[in-house]
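Everything below concerns the one structure shown next.
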Amino acid sequence: MPPGTGSTKRTGATKLHYARQKGTAFAYFRVSTEDVGRLGKSQFTIYNFITNSFAFSPSRKGLMLKLLEALKQEPKSFAALVGELSAPKGTLYLLCLSLERSGLVKKGADGRYSLDGAFSQALREYANWWEGWVNAPTP
């Protein structure tokens, strides 16, 4: 099928590659005590957060930044994001999937993506669990 005339079917190695990408589409948040001082002094940016959360190439991190900034303005459909960000659909889909699985965005019943607080709630739960484990009596 000629490029731009419709969808193509992925087979073989390409299909496996995309399946692997979809399977790992979530945040791997890196916690660094060195960041604590920067957080308190407002020297930690959204780009630093993206870098700590996702092992993406610099170009994908840049697109992620634009995506989050667009959603901070207002909820948007996937089609609106593709148009606004001039991003390849496949790349944008994987970014949205990563954000959704990580609890940073949610997809509403209307199909629009919006920012979500589930990520921060999950981090609080992990922190609470850790504090409980550290303070629990040793058997």
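All residue names refer to the structure tokens as shown: chains lettered A, B, ... in order, residues numbered from 1 in each chain, ligands numbered from 1 in order.
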Might you pull out every residue within 8 Å of Leu71 (chain A), with only C-alpha atoms counted and same-chain residues fewer than 4 positions away left off, and present them as an mmCIF file with N, CA and C atoms, in the first residue's frame?
data_model
loop_
_atom_site.group_PDB
_atom_site.id
_atom_site.type_symbol
_atom_site.label_atom_id
_atom_site.label_comp_id
_atom_site.auth_asym_id
_atom_site.auth_seq_id
_atom_site.Cartn_x
_atom_site.Cartn_y
_atom_site.Cartn_z
ATOM 1 N N LEU A 67 3.141 17.768 24.864
ATOM 2 C CA LEU A 67 1.892 17.058 25.122
ATOM 3 C C LEU A 67 1.334 17.427 26.493
ATOM 4 N N PRO A 75 -8.423 19.622 28.413
ATOM 5 C CA PRO A 75 -8.498 18.250 27.883
ATOM 6 C C PRO A 75 -8.619 18.282 26.361
ATOM 7 N N LYS A 76 -8.011 17.266 25.719
ATOM 8 C CA LYS A 76 -8.010 17.235 24.252
ATOM 9 C C LYS A 76 -8.142 15.806 23.759
ATOM 10 N N TYR A 113 -8.192 13.316 26.538
ATOM 11 C CA TYR A 113 -7.165 13.129 27.556
ATOM 12 C C TYR A 113 -7.105 14.366 28.447
ATOM 13 N N SER A 114 -6.869 14.146 29.733
ATOM 14 C CA SER A 114 -6.668 15.243 30.676
ATOM 15 C C SER A 114 -5.638 14.811 31.710
ATOM 16 N N LEU A 115 -5.052 15.784 32.392
ATOM 17 C CA LEU A 115 -4.083 15.476 33.432
ATOM 18 C C LEU A 115 -4.783 14.751 34.577
#
I'd like to know which residues of region 1-138 of chain A are helix (DSSP H, G or I) (by DSSP, run on the backbone); could you write them as a PyMOL selection string? chain A and resi 12-23+34-40+46-53+58-73+78-85+89-101+118-135
Give me, as JSON lines, each residue of region 31-55 of chain A that comes within 12 Å of region 84-104 of chain A, together with its shortest interatomic pair and the distance in Å at one decimal, counting only C-alpha atoms, with rows ordered by chain and rising residue number.
{"residue": "A:Phe49", "atom": "CA", "partner": "A:Leu104", "partner_atom": "CA", "distance": 11.5}
{"residue": "A:Ile50", "atom": "CA", "partner": "A:Leu99", "partner_atom": "CA", "distance": 10.3}
{"residue": "A:Ser53", "atom": "CA", "partner": "A:Ser102", "partner_atom": "CA", "distance": 9.3}
{"residue": "A:Phe54", "atom": "CA", "partner": "A:Ser98", "partner_atom": "CA", "distance": 8.6}
{"residue": "A:Ala55", "atom": "CA", "partner": "A:Ser98", "partner_atom": "CA", "distance": 10.9}
Once you have the residues from the selection above, write them out as a CSV table (one decimal), in the first residue's frame, restricted to C-alpha atoms.
chain,number,residue,atom,x,y,z
A,49,PHE,CA,10.4,15.3,35.8
A,50,ILE,CA,9.9,13.8,32.3
A,53,SER,CA,10.0,9.3,34.6
A,54,PHE,CA,10.6,8.0,31.1
A,55,ALA,CA,13.6,6.5,29.3
Write down as a PyMOL selection string the residues belonging to chain A that are assigned strand (DSSP E or B) by DSSP computed on the backbone. chain A and resi 76-77+105-107+112-115
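Between CA of Phe78 (chain A) and CA of Leu123 (chain A) there is a distance of 26.9 Å.
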Do a neighbour search on Tyr126 (chain A) at 12 Å with only C-alpha atoms, toss out local chain neighbours closer than 6 positions, and write the hits as a PDB file with N, CA and C atoms, in the first residue's frame.
ATOM      1  N   PHE A  29       9.967   5.696  37.302  1.00  0.00           N
ATOM      2  CA  PHE A  29      10.373   6.928  37.980  1.00  0.00           C
ATOM      3  C   PHE A  29      11.670   6.742  38.747  1.00  0.00           C
ATOM      4  N   VAL A  31      14.101   8.063  41.465  1.00  0.00           N
ATOM      5  CA  VAL A  31      14.124   8.904  42.656  1.00  0.00           C
ATOM      6  C   VAL A  31      15.579   9.192  42.987  1.00  0.00           C
ATOM      7  N   PHE A 119      -0.925   9.368  39.582  1.00  0.00           N
ATOM      8  CA  PHE A 119       0.513   9.156  39.712  1.00  0.00           C
ATOM      9  C   PHE A 119       0.996   9.607  41.084  1.00  0.00           C
ATOM     10  N   SER A 120       0.625  10.810  41.478  1.00  0.00           N
ATOM     11  CA  SER A 120       1.085  11.324  42.773  1.00  0.00           C
ATOM     12  C   SER A 120       0.485  10.521  43.919  1.00  0.00           C
ATOM     13  N   GLY A 132       6.272   2.399  56.530  1.00  0.00           N
ATOM     14  CA  GLY A 132       5.747   1.326  57.370  1.00  0.00           C
ATOM     15  C   GLY A 132       6.714   0.163  57.475  1.00  0.00           C
ATOM     16  N   TRP A 133       7.334  -0.182  56.383  1.00  0.00           N
ATOM     17  CA  TRP A 133       8.282  -1.290  56.382  1.00  0.00           C
ATOM     18  C   TRP A 133       9.515  -0.941  57.218  1.00  0.00           C
TER      19      TRP A 133
END
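Nearest-residue note for Phe56 (chain A): choosing from A:Ala122, A:Tyr28, A:Ala136, A:Arg112, the minimum distance belongs to A:Tyr28, counting only C-alpha atoms.
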Selection near Leu65 (chain A), 9 Å with only C-alpha atoms, sequence-local residues under 4 positions removed, as a list of chain:residue names: A:Ile46, A:Tyr47, A:Ile50, A:Arg60, A:Lys61, A:Glu69, A:Ala70
